[in-house]
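For reference, entry12.cif (mmCIF, C-alpha atoms):
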```
data_work
#
loop_
_atom_site.label_atom_id
_atom_site.label_comp_id
_atom_site.auth_asym_id
_atom_site.auth_seq_id
_atom_site.Cartn_x
_atom_site.Cartn_y
_atom_site.Cartn_z
CA MET C 1 -3.38 16.87 -61.46
CA ALA C 2 -0.16 15.07 -60.71
CA THR C 3 -0.19 12.27 -58.12
CA ASP C 4 2.37 11.00 -55.61
CA GLY C 5 5.65 10.16 -57.28
CA LYS C 6 5.10 12.45 -60.25
CA LEU C 7 6.28 15.91 -61.06
CA ILE C 8 3.83 18.78 -61.11
CA SER C 9 4.43 20.50 -64.44
CA ILE C 10 3.90 24.24 -64.83
CA LEU C 11 3.93 26.33 -68.01
CA SER C 12 4.23 30.08 -67.40
CA ILE C 13 3.86 32.78 -70.07
CA ASP C 14 4.76 36.46 -69.58
CA GLY C 15 2.86 39.51 -70.70
CA GLY C 16 4.22 41.70 -73.47
CA GLY C 17 1.60 42.69 -76.06
CA VAL C 18 2.62 41.85 -79.62
CA ARG C 19 5.80 40.23 -78.26
CA GLY C 20 3.56 37.27 -77.44
CA ILE C 21 4.71 36.13 -80.88
CA ILE C 22 8.00 34.98 -79.33
CA PRO C 23 6.53 32.41 -76.88
CA SER C 24 4.03 31.39 -79.56
CA ILE C 25 6.97 30.25 -81.73
CA ILE C 26 8.35 28.20 -78.82
CA LEU C 27 4.95 26.64 -78.14
CA GLU C 28 4.41 25.78 -81.81
CA PHE C 29 7.77 24.03 -81.92
CA LEU C 30 7.20 22.21 -78.65
CA GLU C 31 3.78 20.98 -79.72
CA SER C 32 5.12 19.76 -83.06
CA GLN C 33 7.83 17.75 -81.28
CA LEU C 34 5.32 16.24 -78.86
CA GLN C 35 3.14 15.24 -81.81
CA LYS C 36 6.07 13.34 -83.31
CA LEU C 37 6.25 11.34 -80.09
CA ASP C 38 2.58 10.85 -79.21
CA GLY C 39 0.49 11.51 -82.31
CA GLU C 40 -0.80 14.49 -84.25
CA ASP C 41 -3.82 15.01 -81.98
CA VAL C 42 -1.88 15.86 -78.82
CA ARG C 43 -1.78 19.45 -77.60
CA ILE C 44 0.24 21.50 -75.11
CA ALA C 45 -2.58 21.30 -72.55
CA ASP C 46 -2.14 17.52 -72.37
CA TYR C 47 1.32 17.87 -70.81
CA PHE C 48 1.00 20.56 -68.13
CA ASP C 49 -0.83 20.32 -64.82
CA PHE C 50 -0.94 24.12 -64.61
CA ILE C 51 -0.65 26.86 -67.23
CA ALA C 52 -0.22 30.42 -65.99
CA GLY C 53 -0.33 33.52 -68.15
CA THR C 54 -0.47 37.27 -67.69
CA SER C 55 -1.88 39.85 -70.10
CA THR C 56 -1.04 38.61 -73.62
CA GLY C 57 0.20 35.44 -71.89
CA GLY C 58 -3.24 35.09 -70.32
CA LEU C 59 -4.81 35.17 -73.76
CA VAL C 60 -2.33 32.53 -74.95
CA THR C 61 -3.22 30.44 -71.88
CA ALA C 62 -6.90 30.63 -72.74
CA MET C 63 -6.27 29.69 -76.36
CA LEU C 64 -4.28 26.64 -75.28
CA THR C 65 -6.97 25.41 -72.89
CA VAL C 66 -10.40 26.47 -74.14
CA PRO C 67 -12.30 23.34 -75.30
CA ASN C 68 -14.10 22.72 -78.55
CA GLU C 69 -17.34 20.76 -78.84
CA ARG C 70 -15.39 17.47 -78.63
CA GLY C 71 -13.64 18.42 -75.40
CA ARG C 72 -10.28 19.02 -77.05
CA PRO C 73 -8.32 22.29 -77.36
CA LEU C 74 -10.07 24.65 -79.75
CA PHE C 75 -6.74 26.08 -80.93
CA ALA C 76 -3.46 24.43 -81.87
CA ALA C 77 -0.25 26.15 -80.83
CA ALA C 78 0.34 27.20 -84.44
CA ASP C 79 -2.93 29.14 -84.37
CA ILE C 80 -1.52 31.46 -81.71
CA LYS C 81 1.26 32.76 -83.95
CA ASN C 82 -1.26 33.27 -86.73
CA PHE C 83 -3.52 35.18 -84.34
CA TYR C 84 -0.77 37.71 -83.62
CA LEU C 85 0.18 38.08 -87.27
CA GLN C 86 -3.40 38.55 -88.41
CA GLU C 87 -4.91 40.57 -85.59
CA SER C 88 -2.18 42.75 -84.05
CA GLU C 89 -2.53 45.52 -86.62
CA LEU C 90 -6.27 45.67 -85.89
CA ILE C 91 -5.85 45.58 -82.11
CA PHE C 92 -3.13 48.25 -82.15
CA PRO C 93 -3.86 50.34 -85.28
CA GLN C 94 -0.75 52.37 -85.90
CA GLU C 95 -2.19 55.09 -88.11
CA SER C 96 -4.94 56.12 -85.72
CA ALA C 97 -2.58 56.06 -82.77
CA GLN C 98 -0.13 58.29 -84.61
CA ALA C 99 -2.92 60.65 -85.63
CA GLN C 100 -4.02 60.98 -82.01
CA ARG C 101 -0.45 61.92 -81.11
CA SER C 102 0.31 64.32 -83.92
CA VAL C 103 2.68 66.33 -81.78
CA LEU C 104 4.13 68.10 -84.79
CA MET C 105 0.96 70.14 -85.39
CA TYR C 106 -1.01 69.91 -82.19
CA VAL C 107 1.52 69.31 -79.43
CA LYS C 108 -0.49 70.52 -76.47
CA LEU C 109 -3.86 69.26 -77.66
CA ALA C 110 -2.54 65.79 -78.51
CA LEU C 111 -0.71 65.48 -75.21
CA ILE C 112 -3.73 66.51 -73.14
CA LYS C 113 -6.33 64.48 -75.03
CA SER C 114 -4.33 61.34 -75.86
CA VAL C 115 -1.94 60.95 -72.94
CA VAL C 116 -3.83 62.47 -70.03
CA PHE C 117 -7.50 61.73 -70.68
CA TYR C 118 -7.71 58.64 -72.88
CA PRO C 119 -6.03 55.27 -73.36
CA LYS C 120 -4.03 54.95 -76.54
CA TYR C 121 -6.51 52.42 -78.02
CA ASP C 122 -10.23 51.91 -77.35
CA GLY C 123 -9.93 48.10 -77.15
CA ASP C 124 -13.20 47.50 -79.00
CA TYR C 125 -11.74 45.18 -81.61
CA LEU C 126 -9.74 43.19 -79.05
CA HIS C 127 -12.78 42.74 -76.80
CA LYS C 128 -14.92 41.50 -79.67
CA LYS C 129 -12.21 39.16 -80.92
CA ILE C 130 -11.69 37.60 -77.49
CA LYS C 131 -15.44 37.06 -77.06
CA ASP C 132 -15.67 35.47 -80.50
CA MET C 133 -12.78 33.09 -79.73
CA THR C 134 -13.83 31.94 -76.25
CA GLY C 135 -17.60 32.17 -76.64
CA ASP C 136 -19.59 31.30 -73.52
CA LYS C 137 -16.87 29.13 -71.96
CA ARG C 138 -16.18 29.68 -68.28
CA LEU C 139 -13.05 29.28 -66.24
CA HIS C 140 -13.95 25.87 -64.80
CA GLU C 141 -14.14 24.41 -68.32
CA THR C 142 -10.45 24.82 -69.22
CA LEU C 143 -8.77 21.57 -70.23
CA THR C 144 -6.06 21.88 -67.60
CA ASN C 145 -5.71 24.10 -64.55
CA VAL C 146 -5.05 27.70 -65.50
CA ILE C 147 -3.90 30.66 -63.41
CA ILE C 148 -4.46 34.16 -64.82
CA PRO C 149 -3.77 37.28 -62.74
CA SER C 150 -5.37 40.68 -63.05
CA PHE C 151 -5.56 43.69 -60.75
CA ASP C 152 -8.69 45.29 -59.29
CA ILE C 153 -8.16 49.05 -59.18
CA LYS C 154 -11.19 49.62 -56.93
CA LEU C 155 -9.96 47.18 -54.28
CA LEU C 156 -6.27 47.90 -55.01
CA GLN C 157 -5.34 44.23 -54.92
CA PRO C 158 -4.45 41.42 -57.31
CA VAL C 159 -7.19 39.12 -58.51
CA ILE C 160 -6.04 35.59 -59.28
CA PHE C 161 -8.34 33.61 -61.54
CA SER C 162 -7.81 29.88 -61.02
CA THR C 163 -9.54 26.86 -62.53
CA LEU C 164 -9.30 24.97 -59.25
CA LYS C 165 -11.03 27.79 -57.38
CA ALA C 166 -13.67 28.07 -60.11
CA LYS C 167 -14.54 24.38 -59.81
CA CYS C 168 -15.19 24.81 -56.08
CA ASP C 169 -16.93 28.18 -56.09
CA ASP C 170 -19.12 29.55 -58.89
CA SER C 171 -18.48 33.11 -57.69
CA GLU C 172 -14.88 32.51 -58.86
CA ASP C 173 -16.01 31.24 -62.27
CA PRO C 174 -16.36 34.13 -64.75
CA LEU C 175 -16.44 33.85 -68.49
CA LEU C 176 -13.00 33.26 -69.99
CA SER C 177 -13.59 36.26 -72.23
CA ASP C 178 -14.01 38.58 -69.23
CA ILE C 179 -10.84 37.21 -67.64
CA CYS C 180 -8.80 37.66 -70.83
CA ILE C 181 -10.03 41.21 -71.41
CA GLY C 182 -9.31 42.10 -67.78
CA THR C 183 -5.80 40.66 -67.63
CA SER C 184 -4.83 42.42 -70.88
CA ALA C 185 -6.21 45.88 -70.02
CA ALA C 186 -2.77 47.47 -69.97
CA PRO C 187 -2.71 50.97 -68.43
CA TYR C 188 -2.02 53.70 -70.97
CA TYR C 189 -2.67 51.33 -73.88
CA LEU C 190 -6.16 49.94 -73.22
CA PRO C 191 -9.10 50.97 -71.00
CA PRO C 192 -9.82 49.31 -67.63
CA TYR C 193 -12.49 46.63 -67.79
CA TYR C 194 -15.59 46.29 -65.62
CA PHE C 195 -17.76 43.18 -65.51
CA GLU C 196 -20.09 41.33 -63.17
CA ASN C 197 -20.18 37.62 -62.40
CA ASN C 198 -23.55 36.33 -61.22
CA SER C 199 -23.42 33.22 -59.04
CA SER C 200 -25.31 31.34 -56.34
CA LYS C 201 -23.67 33.70 -53.83
CA GLY C 202 -24.85 36.83 -55.58
CA THR C 203 -23.16 39.28 -57.91
CA LYS C 204 -19.42 39.81 -57.79
CA ARG C 205 -18.08 42.96 -59.43
CA PHE C 206 -14.65 43.44 -60.98
CA ASN C 207 -12.82 46.63 -61.97
CA LEU C 208 -9.75 45.27 -63.69
CA ILE C 209 -6.53 46.36 -65.30
CA ASP C 210 -3.64 44.36 -66.72
CA GLY C 211 -2.30 41.56 -64.55
CA GLY C 212 1.18 42.76 -65.43
CA VAL C 213 1.02 45.40 -62.70
CA ALA C 214 1.03 42.53 -60.19
CA ALA C 215 2.82 39.64 -61.93
CA ASN C 216 3.92 40.18 -65.52
CA ASN C 217 6.03 37.04 -65.14
CA PRO C 218 3.53 34.74 -63.35
CA THR C 219 5.96 31.92 -62.52
CA LEU C 220 6.24 32.69 -58.82
CA LEU C 221 2.52 33.27 -58.61
CA ALA C 222 1.90 29.89 -60.25
CA ILE C 223 4.05 28.13 -57.65
CA ARG C 224 2.16 29.91 -54.86
CA GLU C 225 -1.20 28.81 -56.25
CA VAL C 226 0.00 25.25 -56.81
CA MET C 227 1.30 24.99 -53.25
CA LYS C 228 -1.85 26.51 -51.80
CA GLU C 229 -4.17 24.21 -53.74
CA THR C 230 -2.21 21.01 -53.32
CA SER C 231 -1.54 21.57 -49.62
CA GLN C 232 -5.29 21.45 -49.05
CA LYS C 233 -5.51 17.94 -50.45
CA GLU C 234 -4.82 14.83 -48.42
CA ASN C 235 -1.65 12.91 -49.29
CA SER C 236 -0.48 15.77 -51.47
CA CYS C 237 2.44 14.90 -53.72
CA LEU C 238 3.90 18.34 -53.05
CA ASP C 239 5.80 19.02 -49.88
CA ILE C 240 5.91 22.82 -49.63
CA MET C 241 9.71 22.65 -49.30
CA ASP C 242 10.28 19.94 -51.89
CA ASN C 243 10.98 21.72 -55.18
CA SER C 244 12.15 18.43 -56.67
CA LYS C 245 8.46 17.76 -57.34
CA ILE C 246 8.00 20.87 -59.49
CA LEU C 247 8.96 21.17 -63.18
CA ILE C 248 8.65 24.65 -64.71
CA LEU C 249 8.87 25.97 -68.25
CA SER C 250 8.75 29.77 -68.12
CA LEU C 251 8.41 31.65 -71.42
CA GLY C 252 9.39 35.31 -71.65
CA THR C 253 8.41 37.75 -74.37
CA GLY C 254 11.83 39.38 -74.69
CA SER C 255 13.49 42.48 -73.30
CA SER C 256 15.81 45.19 -74.60
CA LYS C 257 18.17 45.39 -71.64
CA ARG C 258 21.23 44.98 -73.88
CA ASP C 259 20.14 47.76 -76.23
CA GLU C 260 21.01 50.57 -73.79
CA LYS C 261 18.84 52.94 -75.80
CA LEU C 262 17.83 55.25 -72.97
CA GLU C 263 20.20 57.70 -71.34
CA VAL C 264 19.17 59.82 -68.39
CA GLY C 265 21.66 62.68 -68.80
CA ASP C 266 21.13 65.14 -65.99
CA GLY C 267 17.63 63.67 -65.49
CA LYS C 268 15.96 67.06 -65.18
CA SER C 269 14.00 66.67 -68.41
CA TRP C 270 12.47 63.33 -67.42
CA GLY C 271 8.95 64.44 -66.62
CA LEU C 272 5.62 62.77 -67.37
CA TYR C 273 5.90 63.27 -71.12
CA LYS C 274 9.34 61.71 -71.52
CA LEU C 275 8.48 58.77 -69.23
CA PHE C 276 5.51 57.82 -71.40
CA MET C 277 6.60 59.07 -74.81
CA GLY C 278 9.96 57.50 -75.55
CA PRO C 279 11.82 57.07 -78.85
CA GLU C 280 9.57 55.96 -81.75
CA GLY C 281 6.42 55.63 -79.67
CA THR C 282 7.93 53.55 -76.84
CA THR C 283 6.99 53.92 -73.16
CA PRO C 284 10.11 53.98 -70.95
CA LEU C 285 8.35 53.89 -67.58
CA ILE C 286 6.19 50.88 -68.42
CA ASP C 287 9.10 49.06 -70.06
CA VAL C 288 11.33 49.62 -67.04
CA VAL C 289 8.73 48.48 -64.50
CA LEU C 290 7.75 45.30 -66.37
CA THR C 291 11.33 44.32 -67.17
CA ALA C 292 12.30 44.78 -63.54
CA MET C 293 9.38 42.64 -62.36
CA ASP C 294 10.18 39.88 -64.86
CA ASP C 295 13.83 39.80 -63.87
CA MET C 296 13.16 39.73 -60.15
CA VAL C 297 10.96 36.65 -60.53
CA ASP C 298 13.67 34.98 -62.63
CA ILE C 299 16.24 35.80 -59.96
CA TYR C 300 14.05 34.30 -57.23
CA MET C 301 13.41 31.16 -59.25
CA SER C 302 17.04 30.73 -60.26
CA VAL C 303 18.27 31.02 -56.67
CA PHE C 304 15.45 28.81 -55.40
CA PHE C 305 16.22 25.91 -57.71
CA ARG C 306 20.00 26.23 -57.90
CA SER C 307 20.41 26.29 -54.11
CA SER C 308 18.47 23.05 -53.78
CA GLY C 309 20.39 21.21 -56.49
CA PHE C 310 17.44 20.99 -58.89
CA LYS C 311 18.39 23.71 -61.39
CA ASP C 312 17.24 21.57 -64.32
CA ASN C 313 13.67 21.61 -62.94
CA TYR C 314 13.37 25.28 -63.91
CA LEU C 315 13.83 26.46 -67.48
CA ARG C 316 13.38 30.09 -68.45
CA VAL C 317 13.23 30.76 -72.20
CA GLN C 318 13.95 34.43 -72.77
CA VAL C 319 15.86 36.75 -75.07
CA ASP C 320 17.29 39.98 -73.66
CA SER C 321 18.81 41.43 -76.84
CA LEU C 322 15.76 43.01 -78.50
CA LYS C 323 16.11 46.46 -79.94
CA TYR C 324 14.18 49.05 -77.99
CA THR C 325 11.50 49.41 -80.67
CA GLU C 326 11.16 45.61 -80.95
CA ALA C 327 10.34 45.50 -77.23
CA SER C 328 7.43 47.90 -77.64
CA THR C 329 4.13 46.45 -76.46
CA ASP C 330 2.10 47.79 -79.38
CA ASN C 331 4.48 47.95 -82.35
CA SER C 332 2.16 46.15 -84.74
CA LYS C 333 3.87 47.25 -87.92
CA ARG C 334 4.16 44.32 -90.31
CA GLU C 335 7.93 44.61 -90.41
CA ASN C 336 8.16 44.34 -86.62
CA LEU C 337 5.76 41.39 -86.40
CA GLU C 338 7.76 39.46 -88.97
CA ASN C 339 10.96 40.38 -87.17
CA LEU C 340 9.56 38.98 -83.90
CA VAL C 341 8.82 35.72 -85.71
CA ASN C 342 12.44 35.61 -86.86
CA ILE C 343 13.63 36.31 -83.32
CA GLY C 344 11.54 33.42 -82.02
CA ASN C 345 12.89 31.08 -84.68
CA GLU C 346 16.47 32.13 -83.96
CA LEU C 347 15.85 31.52 -80.27
CA LEU C 348 15.06 27.89 -81.05
CA LYS C 349 18.53 27.44 -82.51
CA LYS C 350 20.39 28.83 -79.50
CA PRO C 351 21.63 26.86 -76.50
CA VAL C 352 19.52 27.03 -73.39
CA SER C 353 20.40 30.12 -71.37
CA GLU C 354 20.37 30.86 -67.67
CA LEU C 355 20.48 34.06 -65.68
CA ASP C 356 23.91 35.22 -64.58
CA LEU C 357 23.19 36.37 -61.03
CA GLU C 358 26.21 38.68 -61.10
CA THR C 359 25.36 40.63 -64.27
CA ASP C 360 21.58 40.03 -64.52
CA LEU C 361 22.11 39.04 -68.17
CA LEU C 362 21.51 35.72 -69.89
CA LYS C 363 24.39 33.36 -70.61
CA ASP C 364 24.55 30.05 -72.46
CA TYR C 365 23.96 26.98 -70.32
CA ARG C 366 23.93 23.35 -71.39
CA MET C 367 21.54 21.18 -69.41
CA LYS C 368 22.38 17.68 -68.26
CA GLY C 369 22.70 15.36 -71.21
CA GLY C 370 23.52 18.28 -73.52
CA ILE C 371 19.94 19.32 -74.05
CA GLY C 372 19.63 22.66 -75.82
CA LEU C 373 16.48 24.67 -76.56
CA ALA C 374 15.79 22.75 -79.77
CA GLY C 375 15.80 19.57 -77.69
CA LEU C 376 13.12 20.65 -75.23
CA ALA C 377 10.68 17.95 -76.30
CA ALA C 378 13.22 15.17 -76.70
#
```

Show me, as structure tokens, the structure contained in the file I just sent.
Amino acid sequence: MATDGKLISILSIDGGGVRGIIPSIILEFLESQLQKLDGEDVRIADYFDFIAGTSTGGLVTAMLTVPNERGRPLFAAADIKNFYLQESELIFPQESAQAQRSVLMYVKLALIKSVVFYPKYDGDYLHKKIKDMTGDKRLHETLTNVIIPSFDIKLLQPVIFSTLKAKCDDSEDPLLSDICIGTSAAPYYLPPYYFENNSSKGTKRFNLIDGGVAANNPTLLAIREVMKETSQKENSCLDIMDNSKILILSLGTGSSKRDEKLEVGDGKSWGLYKLFMGPEGTTPLIDVVLTAMDDMVDIYMSVFFRSSGFKDNYLRVQVDSLKYTEASTDNSKRENLENLVNIGNELLKKPVSELDLETDLLKDYRMKGGIGLAGLAA
């Protein structure tokens, strides 16, 4: 935790399914640059007081902070990219999903069984993989403070998993595996997740779906949790109105807002089917909702920091020029995965961007001292 006179550093990572490859490229680059400065053993978790992640970003957060037997991060940043490349096709198997939705031969049957009654994927492989990676580690054991949101559909309210809360209350200290499965249980794609956490206070029950329904871009949520936790401490370094004490790196997973693929026409044909079954297996309704949520948080943050004169304390790394199929949550085809890697690498070469509050699109922006994206760690 930062002390008086120091910045509180926050890393925030959006949800986005297989598009988690894009922030993984940024994190791999950032970690490699930090290792040049401070030695090959340093990791991302050594540099951030708080790491927040939603859905696939929550899984990345766990991978960055789960400890090994020596009390160091179990995974390097480079392992995250490899995880997506190796596991995405098993988590989101394309052939079985297409077979379930064989609308050419069984239009009505496929629609009723696959869209109405069942999630697109059973999630079994993902659940097992997450449990294998995080083992029996609990939330309080993360190597820096993490914040991972989910949403309880029984209580109809967000559930915010926080390392600081877990250290104070064992009823708030579930297994990391349960948290990761819960935050990534995306409606339509994966089934909701139920688990129980036994503690000294009794049994706490959770009925969770993807944290993206509450905060797909968890940056604002991270600030709220930081302020709430630090304000409870004596001589806090964070005045609730002093954003000069906060330094934020927010990593998006890309959007397709420049693609302009969808056209409403007269709108009369946009029923349930068309909202969930877009071009080439995309999901227009989910894409629209999550993109809107991500952008609104970016707008809030941009206004918040620019109006106070500390715009360089907030950096959002995002690309808004994906093709519509590239922005799909579950497009695990090898060609698309490799293309997302290329997009991440190209993003490293571009100047830092900022949100144009008039157009809601990204524009090039050169930070003080001429620092571009490839100079993040300099």

>> Applying 9 Å and all atoms listed in the file, which residues near Met301 (chain C) remain after dropping the ones on its own chain fewer than 5 positions away? List them as JSON, numbers by chain.
In response: {"C": [219, 220, 296, 306, 314]}

>> Which residues would end up in the selection if the PyMOL selection byres ((chain C and resi 192) around 6) were applied here, given that I need the answer as a PyMOL selection string?
In response: chain C and resi 185+191+193+208-209

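Residue nearest Phe310 (chain C), chosen from C:Leu90, C:Cys168, C:Leu247, C:Ile343 and counting all atoms listed in the file: C:Leu247.
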
>> as a ChimeraX atom specification, please: the residues near Gly202 (chain C) (cut-off 10 Å, all atoms listed in the file, same-chain neighbours under 4 positions excluded).
In response: /C:170-171,197-198

Those selected residues, please, written with C-alpha atoms and delivered as a PDB file, keeping the file's coordinate frame.
```pdb
ATOM      1  CA  ASP C 170     -19.120  29.550 -58.890  1.00  0.00           C
ATOM      2  CA  SER C 171     -18.480  33.110 -57.690  1.00  0.00           C
ATOM      3  CA  ASN C 197     -20.180  37.620 -62.400  1.00  0.00           C
ATOM      4  CA  ASN C 198     -23.550  36.330 -61.220  1.00  0.00           C
TER       5      ASN C 198
END
```

> the PyMOL selection byres ((chain C and resi 135) around 12) on the file shown: which residues, as a list in words?
Replying inline: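 So the PyMOL selection byres ((chain C and resi 135) around 12) ends up selecting Ala62, Met63, Val66, Pro67, Asn68, Glu69, Leu74, His127, Lys128, Lys129, Ile130, Lys131, Asp132, Met133, Thr134, Asp136, Lys137, Arg138, Leu139, Glu141, Leu175, Leu176, Ser177, Asp178 and Cys180 of chain C.
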
>> Under the PyMOL selection byres ((chain C and resi 331-334) around 10), which residues of this model are included? Write them out as number ranges by chain.
In response: C: 17-19, 84-95, 280-282, 325-330, 335-340

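Each of C:Ser308, C:Pro218, C:Asp46, C:Thr163 was compared to Gly15 (chain C) using only C-alpha atoms, and C:Pro218 turns out to be the nearest.
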
> Could you pull the residues within 9 Å of region 20-30 of chain C, counting only C-alpha atoms, minus those fewer than 2 positions along the same chain, as a PyMOL selection string?
Replying inline: chain C and resi 13-18+32-35+44+56-57+60+76-85+251-254+317-318+337+340-345+347-348+374+376-377

> Which is closer to Glu229 (chain C) than all the others in C:Leu64, C:Asp295, C:Leu164, C:Glu346, using only C-alpha atoms?
Replying inline: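 For Glu229 (chain C), the nearest of the candidates is C:Leu164.
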
>> Just the number, please: distance in Å from CA of Leu322 (chain C) to CA of Ser256 (chain C), one decimal.
In response: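 Straight-line distance from CA of Leu322 (chain C) to CA of Ser256 (chain C) works out to 4.5 Å.
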
> Which polymer residues have any atom within 8 Å of an atom of Tyr189 (chain C), counting only C-alpha atoms, with same-chain residues fewer than 2 positions away left out, as a list in words?
Replying inline: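 Skipping anything fewer than 2 positions along the chain leaves Pro119, Lys120, Tyr121, Ala185, Ala186, Pro187 and Pro191 of chain C.
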
>> Please report the interatomic distance between CA of Ala214 (chain C) and CA of Pro158 (chain C) in Å with one decimal.
In response: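 Calculated distance between CA of Ala214 (chain C) and CA of Pro158 (chain C) is 6.3 Å.
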
>> Just the number, please: distance in Å from CA of Gly58 (chain C) to CA of Ile179 (chain C), one decimal.
In response: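 Pair CA of Gly58 (chain C) / CA of Ile179 (chain C) returns 8.3 Å.
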
> C:Tyr300, C:Val352, C:Asn145, C:Asp122: which is nearest Tyr47 (chain C), counting all atoms listed in the file?
Replying inline: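 Of the candidates, the smallest distance to Tyr47 (chain C) is held by C:Asn145.
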
> So, counting all atoms listed in the file, which residue among C:Lys36, C:Lys6, C:Arg70, C:Lys154 is closest to Asn207 (chain C)?
Replying inline: C:Lys154

> If you count all atoms listed in the file, which residues fall within 7 Å of Ile8 (chain C), apart from same-chain ones fewer than 4 positions away, as a ChimeraX atom specification?
Replying inline: /C:2,49,245-247

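If all atoms listed in the file are the atoms counted, then among C:Leu249, C:Leu126, C:Val146, C:Ile51 the closest residue to Ala166 (chain C) is C:Val146.
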
> Can you find the residues with an atom no farther than 10 Å from (-3.4, 37.7, -62.7), counting only C-alpha atoms, and report them as number ranges by chain?
Replying inline: C: 52-55, 58, 147-152, 158-162, 179-180, 182-184, 208-218, 221-222
